[in-house]
Amino acid sequence: MVFCRSVSLALTLVLFIFLPLAAQEREGEELHEEIVVTATLSPKSPKDVALNVESLSRKDLERLWASNAVGALNLLPGVFVNRSGEFGRMDIDIRGLGQNGRRVAILVNGRPEKMSLFGCAVTHSFPLDNVERVEIIKGPASVLYGGEALGGVVNILTRRPTKPVETELFTSIGSFGTKMGNLKQGGKFNRWEYFLTYDYQESDGHTPSSAYKGKSATAFVGYRLGESSYLRLSGKFFTGKKEEPGPVENPSLGFWNDYDRNSLEAEFSSGSETKGLTLKAYRNFGKSLISDGWDSKDYTNGSLLHFHLRPSERSRLTLGAEYRRFGGESFHSPRGEWTKDEQAFFFYGEYSPLSLMTLSSGGRLQRDSLYGWDFSPQLGVVFFPLKGTTLRFLVNRGFRSPQLNELYLFPSSQPDLKPERVWNYEMGLDRSFGRFLGLRMSLFRMEGRDLIETVASGKAYPRYIFRNIGCFTFQGAEASLVLTPSPLWKVRGSYGYLDTGGLTRGRPGHKVDLSLDIAPRRFTLSLQGQYLAGYYKENNSRGEIPTVFLLNGRISLPLGRNFQVVVDGKNLFNRGYALFGEFPGLSAGLYPMPRRSFALGVRFQGF
């Protein structure tokens, strides 16, 4: 109650500060708003939904250096990416909930894509080869996306062609023997469209035994059946091998993992703004081979149906159903096969009784073949008290069932684990000051129970086991500011504060991100800075990790009409620093990060 009263008072004070300024606003001076689809399964402005949603456009991604789509999210408030280097696996935490990505839903065009045995995504299997934009929901989103979305959602939206023929090639070389190449080719004619990509990445790594090599190919073909019907077929192939030296406290030279991840999908959509349906059927499959002897294959077969309609001008309703079957087989100890099923029914509705307010509600009834039924509700209110100002209020519930690896696969597994559950309470404020300045603030509190963590067993073997650790409370605040004084340059800054009680292991309490983009006619300069503090390698604020300050940059210079030279610099101040990591097959600890590095690339765009 004290927290809620403090939140209400803070937002009220902020609103009264802005009220006098609102009277000075002139018509047409609001900031341009992006449109997102992940929060409601329909196009909306981020300020018009109760969930906290942000996005990175293709233009934003081109100003960053990132080896995959998940790594590019590290500059957003409330988001932290655990990693052992610049290549390979990158596990995302949203507001302290991640657990190697198991508590965050990773989607591609709304389709979940994870390893069924482990419940986590191989994040380096999502290079920026065909990405149009990335949308992220911060906080539980189980109503639309099920148990994987306990902490949030990352939805990778892929590119579609806009011209009869379009081709793009990017290649670069850099420090640590790094080589990257990416080819895109697509076209659009009559009722048909297609898009093909190939991506290659290779690096010797910034420490001994940290090399990486990966390649990926994607393809889709789309056909418009009529004015309002569309059929899409898509596929993906990825293979990647990463050497991991282990943490400095317990190095593990010679350790490597080799992942293959593939997917096939068919999607049919039909309808208009007033009503329509979407049907997806897909299969994710792959195999895992690790130097310690682990050898497995896994698959997920799934289907998703959602139907939307607008009963009136002021209301919108979405109904949906989802089915997934998870399966996998181990050829290592313990040998065996494991499966489980999920079925779910969900609804989400919006109603605007007044032009100054939108009410939303939703619910998901889901059955897990191992745990039975669970219901997750959501209630939200969005107010528009004055031009350029939005107030958001949200109460929702998230859940996550234990994954197969937590239950059965390893000596640390425990078959009596309970599902994780969390209630989320959030208030937010969005405020635009004409075309030049935008502010977003959020205050949240998550109250949960039965969080699954790795804890000491008190035995010689296994030393650590999975256990439900009882109740927990995470709370925090996020604020971001965007300043656009002219079309030529933009300044963005954000701050995230996270209080996890005693669960401080690997969860930074303070995170500041700054970026500057300058785009005159002849070149583009982008700088990104990050500061981390309140960061520990043990719970209860033990084992403090030194503060981290990084500065990265990118310069893009056009050469003629179709060519562009790109120069990247990482860790420009050459700071020595380490991040906490806890990766499969390795002990937890501090992983040293790369010092200053550079890359030189060339981009060709032809039509």
# chains A, B, ... in the order shown; residues from 1 in each chain; ligands from 1
call {"tool": "residues_around", "arguments": {"residues": "Gly363 (chain A)", "least_positions_apart": "3", "cutoff": "8 Å", "atoms": "only C-alpha atoms", "output": "list in words"}}
result
Val143, Phe346, Phe347, Tyr348, Phe375, Ser376, Pro377 and Gln378 of chain A
call {"tool": "write_last_selection", "arguments": {"atoms": "N, CA, C and O atoms", "output": "PDB file, in the first residue's frame"}}
result
ATOM      1  N   VAL A 143      -1.251 -13.209 -20.883  1.00  0.00           N
ATOM      2  CA  VAL A 143      -2.591 -13.282 -21.469  1.00  0.00           C
ATOM      3  C   VAL A 143      -2.518 -13.644 -22.946  1.00  0.00           C
ATOM      4  O   VAL A 143      -3.227 -14.540 -23.421  1.00  0.00           O
ATOM      5  N   PHE A 346      -7.705 -17.659 -25.076  1.00  0.00           N
ATOM      6  CA  PHE A 346      -7.491 -16.326 -24.522  1.00  0.00           C
ATOM      7  C   PHE A 346      -8.418 -15.315 -25.197  1.00  0.00           C
ATOM      8  O   PHE A 346      -8.934 -15.538 -26.297  1.00  0.00           O
ATOM      9  N   PHE A 347      -8.607 -14.193 -24.495  1.00  0.00           N
ATOM     10  CA  PHE A 347      -9.369 -13.078 -25.055  1.00  0.00           C
ATOM     11  C   PHE A 347      -8.714 -11.788 -24.609  1.00  0.00           C
ATOM     12  O   PHE A 347      -8.057 -11.718 -23.564  1.00  0.00           O
ATOM     13  N   TYR A 348      -8.881 -10.762 -25.423  1.00  0.00           N
ATOM     14  CA  TYR A 348      -8.408  -9.417 -25.084  1.00  0.00           C
ATOM     15  C   TYR A 348      -9.373  -8.424 -25.707  1.00  0.00           C
ATOM     16  O   TYR A 348      -9.708  -8.528 -26.890  1.00  0.00           O
ATOM     17  N   PHE A 375      -5.140 -19.776 -14.863  1.00  0.00           N
ATOM     18  CA  PHE A 375      -5.819 -18.622 -15.465  1.00  0.00           C
ATOM     19  C   PHE A 375      -5.035 -17.354 -15.145  1.00  0.00           C
ATOM     20  O   PHE A 375      -4.670 -17.105 -13.993  1.00  0.00           O
ATOM     21  N   SER A 376      -4.783 -16.562 -16.178  1.00  0.00           N
ATOM     22  CA  SER A 376      -4.062 -15.299 -16.024  1.00  0.00           C
ATOM     23  C   SER A 376      -4.941 -14.156 -16.506  1.00  0.00           C
ATOM     24  O   SER A 376      -5.285 -14.093 -17.696  1.00  0.00           O
ATOM     25  N   PRO A 377      -5.331 -13.226 -15.617  1.00  0.00           N
ATOM     26  CA  PRO A 377      -6.144 -12.076 -16.022  1.00  0.00           C
ATOM     27  C   PRO A 377      -5.299 -10.819 -16.236  1.00  0.00           C
ATOM     28  O   PRO A 377      -4.137 -10.755 -15.826  1.00  0.00           O
ATOM     29  N   GLN A 378      -5.916  -9.828 -16.860  1.00  0.00           N
ATOM     30  CA  GLN A 378      -5.265  -8.531 -17.079  1.00  0.00           C
ATOM     31  C   GLN A 378      -6.316  -7.439 -17.137  1.00  0.00           C
ATOM     32  O   GLN A 378      -7.349  -7.589 -17.787  1.00  0.00           O
TER      33      GLN A 378
END
call {"tool": "closest_atom_pairs", "arguments": {"of": "region 110-141 of chain A", "to": "region 243-260 of chain A", "cutoff": "12 Å", "atoms": "only C-alpha atoms", "output": "tab-separated table"}}
result
residue	atom	partner	partner_atom	distance
A:Lys114	CA	A:Asp260	CA	12.0
A:Met115	CA	A:Tyr259	CA	10.2
A:Ala121	CA	A:Tyr259	CA	10.9
A:Val122	CA	A:Tyr259	CA	7.8
A:Thr123	CA	A:Tyr259	CA	10.7
A:His124	CA	A:Tyr259	CA	9.6
A:Ser125	CA	A:Asp260	CA	8.5
call {"tool": "closest_residue", "arguments": {"among": "A:Leu551, A:Leu579, A:Val567, A:Val395", "to": "Arg596 (chain A)", "atoms": "only C-alpha atoms"}}
result
A:Leu551
call {"tool": "closest_residue", "arguments": {"among": "A:Ser142, A:Asn539, A:Thr358, A:Asn82", "to": "Lys47 (chain A)", "atoms": "only C-alpha atoms"}}
result
A:Thr358
call {"tool": "closest_residue", "arguments": {"among": "A:Arg133, A:Arg392, A:Lys59, A:Arg445", "to": "Phe474 (chain A)", "atoms": "only C-alpha atoms"}}
result
A:Arg445
call {"tool": "residues_around", "arguments": {"residues": "Val134 (chain A)", "least_positions_apart": "2", "cutoff": "12 Å", "atoms": "only C-alpha atoms", "output": "PyMOL selection string"}}
result
chain A and resi 34-38+53-61+68-73+76+106-110+126-128+130-132+136-137+153-159
call {"tool": "select_by_dssp", "arguments": {"residues": "region 109-203 of chain A", "states": "strand (DSSP E or B)", "output": "number ranges by chain"}}
result
A: 111-112, 115, 120, 131-138, 152-158, 166-174, 178-189, 192-203
call {"tool": "write_last_selection", "arguments": {"atoms": "N, CA and C atoms", "output": "short mmCIF file (atom, residue, chain, number, x, y, z; two decimals), in the first residue's frame"}}
result
data_model
loop_
_atom_site.label_atom_id
_atom_site.label_comp_id
_atom_site.auth_asym_id
_atom_site.auth_seq_id
_atom_site.Cartn_x
_atom_site.Cartn_y
_atom_site.Cartn_z
N ARG A 111 5.38 -15.90 -33.58
CA ARG A 111 5.53 -17.34 -33.38
C ARG A 111 6.61 -17.62 -32.36
N PRO A 112 6.32 -18.35 -31.27
CA PRO A 112 7.35 -18.66 -30.27
C PRO A 112 8.42 -19.55 -30.85
N MET A 115 13.97 -23.74 -27.54
CA MET A 115 14.35 -25.15 -27.44
C MET A 115 13.41 -25.82 -26.44
N CYS A 120 14.46 -22.36 -23.42
CA CYS A 120 15.16 -21.10 -23.67
C CYS A 120 15.50 -20.99 -25.16
N VAL A 131 15.69 -8.62 -40.20
CA VAL A 131 14.88 -7.97 -39.17
C VAL A 131 14.42 -6.60 -39.64
N GLU A 132 13.12 -6.37 -39.59
CA GLU A 132 12.55 -5.07 -39.89
C GLU A 132 12.44 -4.21 -38.64
N ARG A 133 12.05 -4.83 -37.53
CA ARG A 133 11.94 -4.13 -36.26
C ARG A 133 11.87 -5.16 -35.14
N VAL A 134 12.15 -4.72 -33.94
CA VAL A 134 12.04 -5.58 -32.76
C VAL A 134 11.15 -4.85 -31.75
N GLU A 135 10.12 -5.53 -31.27
CA GLU A 135 9.23 -4.96 -30.26
C GLU A 135 9.39 -5.74 -28.97
N ILE A 136 9.29 -5.04 -27.86
CA ILE A 136 9.52 -5.66 -26.56
C ILE A 136 8.45 -5.20 -25.58
N ILE A 137 7.86 -6.15 -24.88
CA ILE A 137 6.93 -5.87 -23.78
C ILE A 137 7.69 -6.09 -22.48
N LYS A 138 7.66 -5.10 -21.60
CA LYS A 138 8.33 -5.21 -20.31
C LYS A 138 7.29 -5.52 -19.24
N GLY A 152 8.32 -10.91 -19.77
CA GLY A 152 8.14 -10.02 -20.89
C GLY A 152 8.19 -10.77 -22.21
N VAL A 153 8.24 -9.99 -23.29
CA VAL A 153 8.20 -10.54 -24.65
C VAL A 153 9.18 -9.80 -25.54
N VAL A 154 9.88 -10.54 -26.38
CA VAL A 154 10.67 -9.96 -27.48
C VAL A 154 10.10 -10.52 -28.77
N ASN A 155 9.57 -9.66 -29.62
CA ASN A 155 8.98 -10.08 -30.89
C ASN A 155 9.81 -9.53 -32.04
N ILE A 156 10.43 -10.42 -32.79
CA ILE A 156 11.27 -10.04 -33.93
C ILE A 156 10.41 -10.08 -35.18
N LEU A 157 10.19 -8.93 -35.78
CA LEU A 157 9.36 -8.81 -36.97
C LEU A 157 10.26 -8.74 -38.20
N THR A 158 10.03 -9.62 -39.14
CA THR A 158 10.94 -9.75 -40.27
C THR A 158 10.52 -8.86 -41.44
N GLU A 166 14.96 -6.01 -54.97
CA GLU A 166 15.83 -5.27 -54.05
C GLU A 166 16.89 -6.22 -53.51
N THR A 167 18.11 -5.71 -53.45
CA THR A 167 19.26 -6.51 -53.02
C THR A 167 20.11 -5.67 -52.09
N GLU A 168 20.63 -6.31 -51.05
CA GLU A 168 21.52 -5.63 -50.12
C GLU A 168 22.61 -6.59 -49.68
N LEU A 169 23.84 -6.10 -49.66
CA LEU A 169 24.99 -6.89 -49.23
C LEU A 169 25.79 -6.09 -48.22
N PHE A 170 26.12 -6.72 -47.09
CA PHE A 170 26.96 -6.07 -46.09
C PHE A 170 28.06 -7.04 -45.68
N THR A 171 29.29 -6.55 -45.66
CA THR A 171 30.42 -7.37 -45.24
C THR A 171 31.37 -6.52 -44.41
N SER A 172 32.01 -7.13 -43.41
CA SER A 172 32.91 -6.37 -42.54
C SER A 172 34.00 -7.27 -41.98
N ILE A 173 35.11 -6.64 -41.58
CA ILE A 173 36.20 -7.31 -40.87
C ILE A 173 36.53 -6.45 -39.66
N GLY A 174 37.07 -7.09 -38.60
CA GLY A 174 37.35 -6.32 -37.40
C GLY A 174 38.32 -7.00 -36.46
N THR A 178 37.51 -10.99 -36.56
CA THR A 178 36.07 -11.03 -36.81
C THR A 178 35.76 -10.79 -38.28
N LYS A 179 34.90 -11.64 -38.83
CA LYS A 179 34.42 -11.50 -40.21
C LYS A 179 32.92 -11.68 -40.21
N MET A 180 32.22 -10.79 -40.89
CA MET A 180 30.77 -10.87 -40.97
C MET A 180 30.32 -10.59 -42.40
N GLY A 181 29.28 -11.29 -42.83
CA GLY A 181 28.70 -11.05 -44.14
C GLY A 181 27.21 -11.32 -44.12
N ASN A 182 26.48 -10.51 -44.85
CA ASN A 182 25.03 -10.66 -44.88
C ASN A 182 24.52 -10.29 -46.26
N LEU A 183 23.70 -11.18 -46.85
CA LEU A 183 23.12 -10.94 -48.17
C LEU A 183 21.60 -11.03 -48.07
N LYS A 184 20.91 -10.03 -48.61
CA LYS A 184 19.45 -10.01 -48.66
C LYS A 184 19.01 -9.82 -50.11
N GLN A 185 17.99 -10.55 -50.49
CA GLN A 185 17.47 -10.39 -51.85
C GLN A 185 15.97 -10.70 -51.83
N GLY A 186 15.20 -9.78 -52.39
CA GLY A 186 13.76 -9.96 -52.38
C GLY A 186 13.11 -9.29 -53.57
N GLY A 187 11.82 -9.50 -53.68
CA GLY A 187 11.08 -8.91 -54.78
C GLY A 187 9.59 -8.99 -54.55
N LYS A 188 8.87 -8.18 -55.34
CA LYS A 188 7.42 -8.10 -55.21
C LYS A 188 6.84 -7.87 -56.60
N PHE A 189 5.96 -8.78 -57.04
CA PHE A 189 5.38 -8.63 -58.38
C PHE A 189 4.02 -9.32 -58.39
N TRP A 192 2.60 -11.92 -55.86
CA TRP A 192 3.65 -12.65 -55.18
C TRP A 192 4.66 -11.70 -54.53
N GLU A 193 5.29 -12.20 -53.48
CA GLU A 193 6.46 -11.53 -52.91
C GLU A 193 7.35 -12.59 -52.25
N TYR A 194 8.65 -12.29 -52.17
CA TYR A 194 9.57 -13.23 -51.55
C TYR A 194 10.73 -12.46 -50.93
N PHE A 195 11.42 -13.09 -50.00
CA PHE A 195 12.60 -12.47 -49.39
C PHE A 195 13.53 -13.58 -48.91
N LEU A 196 14.81 -13.50 -49.32
CA LEU A 196 15.82 -14.51 -48.99
C LEU A 196 16.99 -13.83 -48.30
N THR A 197 17.58 -14.50 -47.30
CA THR A 197 18.75 -13.93 -46.62
C THR A 197 19.76 -15.03 -46.33
N TYR A 198 21.02 -14.60 -46.23
CA TYR A 198 22.09 -15.48 -45.77
C TYR A 198 23.01 -14.65 -44.89
N ASP A 199 23.39 -15.19 -43.74
CA ASP A 199 24.23 -14.46 -42.79
C ASP A 199 25.38 -15.35 -42.34
N TYR A 200 26.58 -14.77 -42.26
CA TYR A 200 27.76 -15.51 -41.82
C TYR A 200 28.51 -14.65 -40.80
N GLN A 201 28.91 -15.27 -39.68
CA GLN A 201 29.67 -14.57 -38.65
C GLN A 201 30.78 -15.48 -38.15
N GLU A 202 31.97 -14.91 -37.98
CA GLU A 202 33.11 -15.67 -37.50
C GLU A 202 34.01 -14.76 -36.67
N SER A 203 34.52 -15.27 -35.56
CA SER A 203 35.42 -14.49 -34.72
C SER A 203 36.33 -15.43 -33.94
#
call {"tool": "closest_residue", "arguments": {"among": "A:Arg314, A:Lys287, A:Arg463, A:Lys387", "to": "Ser587 (chain A)", "atoms": "only C-alpha atoms"}}
result
A:Arg463
call {"tool": "residues_around", "arguments": {"residues": "region 454-462 of chain A", "least_positions_apart": "2", "cutoff": "12 Å", "atoms": "only C-alpha atoms", "output": "list of chain:residue names"}}
result
A:Gln99, A:Asn100, A:Glu406, A:Phe410, A:Pro411, A:Ser412, A:Ser413, A:Gln414, A:Leu451, A:Ile452, A:Tyr464, A:Ile465, A:Phe466, A:Arg467, A:Asn468, A:Ile469, A:Leu503, A:Arg505, A:Glu538, A:Asn539, A:Glu582, A:Phe583, A:Pro584, A:Ser587, A:Ala588
call {"tool": "residues_around", "arguments": {"residues": "Phe80 (chain A)", "least_positions_apart": "6", "cutoff": "7 Å", "atoms": "only C-alpha atoms", "output": "PyMOL selection string"}}
result
chain A and resi 74+92-94
call {"tool": "write_last_selection", "arguments": {"atoms": "C-alpha atoms", "output": "PDB file, in the first residue's frame"}}
result
ATOM      1  CA  ASN A  74      20.608  -3.882 -24.220  1.00  0.00           C
ATOM      2  CA  ILE A  92      17.885 -11.327 -21.774  1.00  0.00           C
ATOM      3  CA  ASP A  93      16.545 -10.202 -18.388  1.00  0.00           C
ATOM      4  CA  ILE A  94      13.562  -7.869 -18.249  1.00  0.00           C
TER       5      ILE A  94
END
call {"tool": "decode", "arguments": {"residues": "region 251-263 of chain A", "atoms": "all heavy atoms", "output": "PDB file, in the first residue's frame"}}
result
ATOM      1  N   PRO A 251      37.901 -21.259 -14.851  1.00  0.00           N
ATOM      2  CA  PRO A 251      38.006 -21.358 -16.309  1.00  0.00           C
ATOM      3  C   PRO A 251      37.802 -22.791 -16.784  1.00  0.00           C
ATOM      4  O   PRO A 251      38.090 -23.752 -16.075  1.00  0.00           O
ATOM      5  CB  PRO A 251      39.428 -20.862 -16.599  1.00  0.00           C
ATOM      6  CG  PRO A 251      40.163 -20.990 -15.314  1.00  0.00           C
ATOM      7  CD  PRO A 251      39.151 -20.799 -14.229  1.00  0.00           C
ATOM      8  N   SER A 252      37.275 -22.895 -18.006  1.00  0.00           N
ATOM      9  CA  SER A 252      36.960 -24.215 -18.567  1.00  0.00           C
ATOM     10  C   SER A 252      37.393 -24.238 -20.026  1.00  0.00           C
ATOM     11  O   SER A 252      36.582 -24.318 -20.931  1.00  0.00           O
ATOM     12  CB  SER A 252      35.458 -24.498 -18.435  1.00  0.00           C
ATOM     13  OG  SER A 252      35.144 -25.767 -18.938  1.00  0.00           O
ATOM     14  N   LEU A 253      38.698 -24.149 -20.247  1.00  0.00           N
ATOM     15  CA  LEU A 253      39.225 -24.121 -21.613  1.00  0.00           C
ATOM     16  C   LEU A 253      38.879 -25.415 -22.328  1.00  0.00           C
ATOM     17  O   LEU A 253      38.940 -26.506 -21.764  1.00  0.00           O
ATOM     18  CB  LEU A 253      40.736 -23.910 -21.587  1.00  0.00           C
ATOM     19  CG  LEU A 253      41.228 -22.585 -20.963  1.00  0.00           C
ATOM     20  CD1 LEU A 253      42.737 -22.509 -20.990  1.00  0.00           C
ATOM     21  CD2 LEU A 253      40.613 -21.403 -21.693  1.00  0.00           C
ATOM     22  N   GLY A 254      38.520 -25.291 -23.606  1.00  0.00           N
ATOM     23  CA  GLY A 254      38.146 -26.444 -24.392  1.00  0.00           C
ATOM     24  C   GLY A 254      36.663 -26.751 -24.373  1.00  0.00           C
ATOM     25  O   GLY A 254      36.220 -27.696 -25.035  1.00  0.00           O
ATOM     26  N   PHE A 255      35.881 -25.941 -23.669  1.00  0.00           N
ATOM     27  CA  PHE A 255      34.438 -26.146 -23.628  1.00  0.00           C
ATOM     28  C   PHE A 255      33.798 -25.461 -24.835  1.00  0.00           C
ATOM     29  O   PHE A 255      34.147 -24.344 -25.184  1.00  0.00           O
ATOM     30  CB  PHE A 255      33.856 -25.561 -22.340  1.00  0.00           C
ATOM     31  CG  PHE A 255      32.384 -25.801 -22.168  1.00  0.00           C
ATOM     32  CD1 PHE A 255      31.926 -26.920 -21.507  1.00  0.00           C
ATOM     33  CD2 PHE A 255      31.452 -24.908 -22.683  1.00  0.00           C
ATOM     34  CE1 PHE A 255      30.570 -27.150 -21.341  1.00  0.00           C
ATOM     35  CE2 PHE A 255      30.095 -25.122 -22.529  1.00  0.00           C
ATOM     36  CZ  PHE A 255      29.650 -26.255 -21.853  1.00  0.00           C
ATOM     37  N   TRP A 256      32.859 -26.156 -25.488  1.00  0.00           N
ATOM     38  CA  TRP A 256      32.159 -25.567 -26.628  1.00  0.00           C
ATOM     39  C   TRP A 256      30.743 -26.120 -26.698  1.00  0.00           C
ATOM     40  O   TRP A 256      30.422 -27.165 -26.127  1.00  0.00           O
ATOM     41  CB  TRP A 256      32.887 -25.828 -27.941  1.00  0.00           C
ATOM     42  CG  TRP A 256      33.252 -27.265 -28.194  1.00  0.00           C
ATOM     43  CD1 TRP A 256      34.449 -27.856 -27.954  1.00  0.00           C
ATOM     44  CD2 TRP A 256      32.394 -28.295 -28.718  1.00  0.00           C
ATOM     45  NE1 TRP A 256      34.417 -29.193 -28.301  1.00  0.00           N
ATOM     46  CE2 TRP A 256      33.154 -29.494 -28.768  1.00  0.00           C
ATOM     47  CE3 TRP A 256      31.079 -28.332 -29.157  1.00  0.00           C
ATOM     48  CZ2 TRP A 256      32.644 -30.697 -29.230  1.00  0.00           C
ATOM     49  CZ3 TRP A 256      30.550 -29.537 -29.621  1.00  0.00           C
ATOM     50  CH2 TRP A 256      31.327 -30.697 -29.657  1.00  0.00           C
ATOM     51  N   ASN A 257      29.889 -25.381 -27.396  1.00  0.00           N
ATOM     52  CA  ASN A 257      28.536 -25.853 -27.695  1.00  0.00           C
ATOM     53  C   ASN A 257      28.259 -25.643 -29.172  1.00  0.00           C
ATOM     54  O   ASN A 257      28.733 -24.678 -29.775  1.00  0.00           O
ATOM     55  CB  ASN A 257      27.481 -25.173 -26.819  1.00  0.00           C
ATOM     56  CG  ASN A 257      27.567 -23.661 -26.856  1.00  0.00           C
ATOM     57  OD1 ASN A 257      27.398 -23.060 -27.913  1.00  0.00           O
ATOM     58  ND2 ASN A 257      27.822 -23.026 -25.716  1.00  0.00           N
ATOM     59  N   ASP A 258      27.497 -26.580 -29.733  1.00  0.00           N
ATOM     60  CA  ASP A 258      27.188 -26.570 -31.162  1.00  0.00           C
ATOM     61  C   ASP A 258      25.676 -26.747 -31.305  1.00  0.00           C
ATOM     62  O   ASP A 258      25.133 -27.790 -30.928  1.00  0.00           O
ATOM     63  CB  ASP A 258      27.939 -27.708 -31.848  1.00  0.00           C
ATOM     64  CG  ASP A 258      27.887 -27.615 -33.372  1.00  0.00           C
ATOM     65  OD1 ASP A 258      27.066 -26.831 -33.884  1.00  0.00           O
ATOM     66  OD2 ASP A 258      28.659 -28.326 -34.036  1.00  0.00           O
ATOM     67  N   TYR A 259      25.004 -25.700 -31.818  1.00  0.00           N
ATOM     68  CA  TYR A 259      23.547 -25.717 -31.924  1.00  0.00           C
ATOM     69  C   TYR A 259      23.117 -25.646 -33.390  1.00  0.00           C
ATOM     70  O   TYR A 259      23.681 -24.884 -34.184  1.00  0.00           O
ATOM     71  CB  TYR A 259      22.924 -24.519 -31.198  1.00  0.00           C
ATOM     72  CG  TYR A 259      23.072 -24.533 -29.700  1.00  0.00           C
ATOM     73  CD1 TYR A 259      23.833 -23.560 -29.056  1.00  0.00           C
ATOM     74  CD2 TYR A 259      22.428 -25.485 -28.922  1.00  0.00           C
ATOM     75  CE1 TYR A 259      23.962 -23.549 -27.678  1.00  0.00           C
ATOM     76  CE2 TYR A 259      22.543 -25.478 -27.536  1.00  0.00           C
ATOM     77  CZ  TYR A 259      23.314 -24.509 -26.924  1.00  0.00           C
ATOM     78  OH  TYR A 259      23.432 -24.496 -25.563  1.00  0.00           O
ATOM     79  N   ASP A 260      22.118 -26.440 -33.734  1.00  0.00           N
ATOM     80  CA  ASP A 260      21.377 -26.286 -34.987  1.00  0.00           C
ATOM     81  C   ASP A 260      19.945 -25.916 -34.625  1.00  0.00           C
ATOM     82  O   ASP A 260      19.318 -26.599 -33.809  1.00  0.00           O
ATOM     83  CB  ASP A 260      21.369 -27.580 -35.799  1.00  0.00           C
ATOM     84  CG  ASP A 260      22.707 -27.897 -36.422  1.00  0.00           C
ATOM     85  OD1 ASP A 260      23.622 -27.070 -36.312  1.00  0.00           O
ATOM     86  OD2 ASP A 260      22.840 -28.990 -37.007  1.00  0.00           O
ATOM     87  N   ARG A 261      19.417 -24.854 -35.229  1.00  0.00           N
ATOM     88  CA  ARG A 261      18.031 -24.440 -34.976  1.00  0.00           C
ATOM     89  C   ARG A 261      17.358 -24.178 -36.313  1.00  0.00           C
ATOM     90  O   ARG A 261      17.886 -23.436 -37.166  1.00  0.00           O
ATOM     91  CB  ARG A 261      17.953 -23.178 -34.110  1.00  0.00           C
ATOM     92  CG  ARG A 261      18.654 -23.255 -32.785  1.00  0.00           C
ATOM     93  CD  ARG A 261      18.257 -24.458 -31.966  1.00  0.00           C
ATOM     94  NE  ARG A 261      16.826 -24.569 -31.753  1.00  0.00           N
ATOM     95  CZ  ARG A 261      16.253 -25.663 -31.279  1.00  0.00           C
ATOM     96  NH1 ARG A 261      16.967 -26.733 -31.000  1.00  0.00           N
ATOM     97  NH2 ARG A 261      14.947 -25.693 -31.103  1.00  0.00           N
ATOM     98  N   ASN A 262      16.186 -24.781 -36.513  1.00  0.00           N
ATOM     99  CA  ASN A 262      15.468 -24.674 -37.769  1.00  0.00           C
ATOM    100  C   ASN A 262      13.984 -24.455 -37.488  1.00  0.00           C
ATOM    101  O   ASN A 262      13.477 -24.802 -36.405  1.00  0.00           O
ATOM    102  CB  ASN A 262      15.642 -25.955 -38.592  1.00  0.00           C
ATOM    103  CG  ASN A 262      17.091 -26.389 -38.680  1.00  0.00           C
ATOM    104  OD1 ASN A 262      17.887 -25.762 -39.358  1.00  0.00           O
ATOM    105  ND2 ASN A 262      17.446 -27.454 -37.969  1.00  0.00           N
ATOM    106  N   SER A 263      13.282 -23.915 -38.463  1.00  0.00           N
ATOM    107  CA  SER A 263      11.843 -23.703 -38.295  1.00  0.00           C
ATOM    108  C   SER A 263      11.157 -23.696 -39.650  1.00  0.00           C
ATOM    109  O   SER A 263      11.758 -23.328 -40.673  1.00  0.00           O
ATOM    110  CB  SER A 263      11.558 -22.384 -37.559  1.00  0.00           C
ATOM    111  OG  SER A 263      11.969 -21.275 -38.340  1.00  0.00           O
TER     112      SER A 263
END
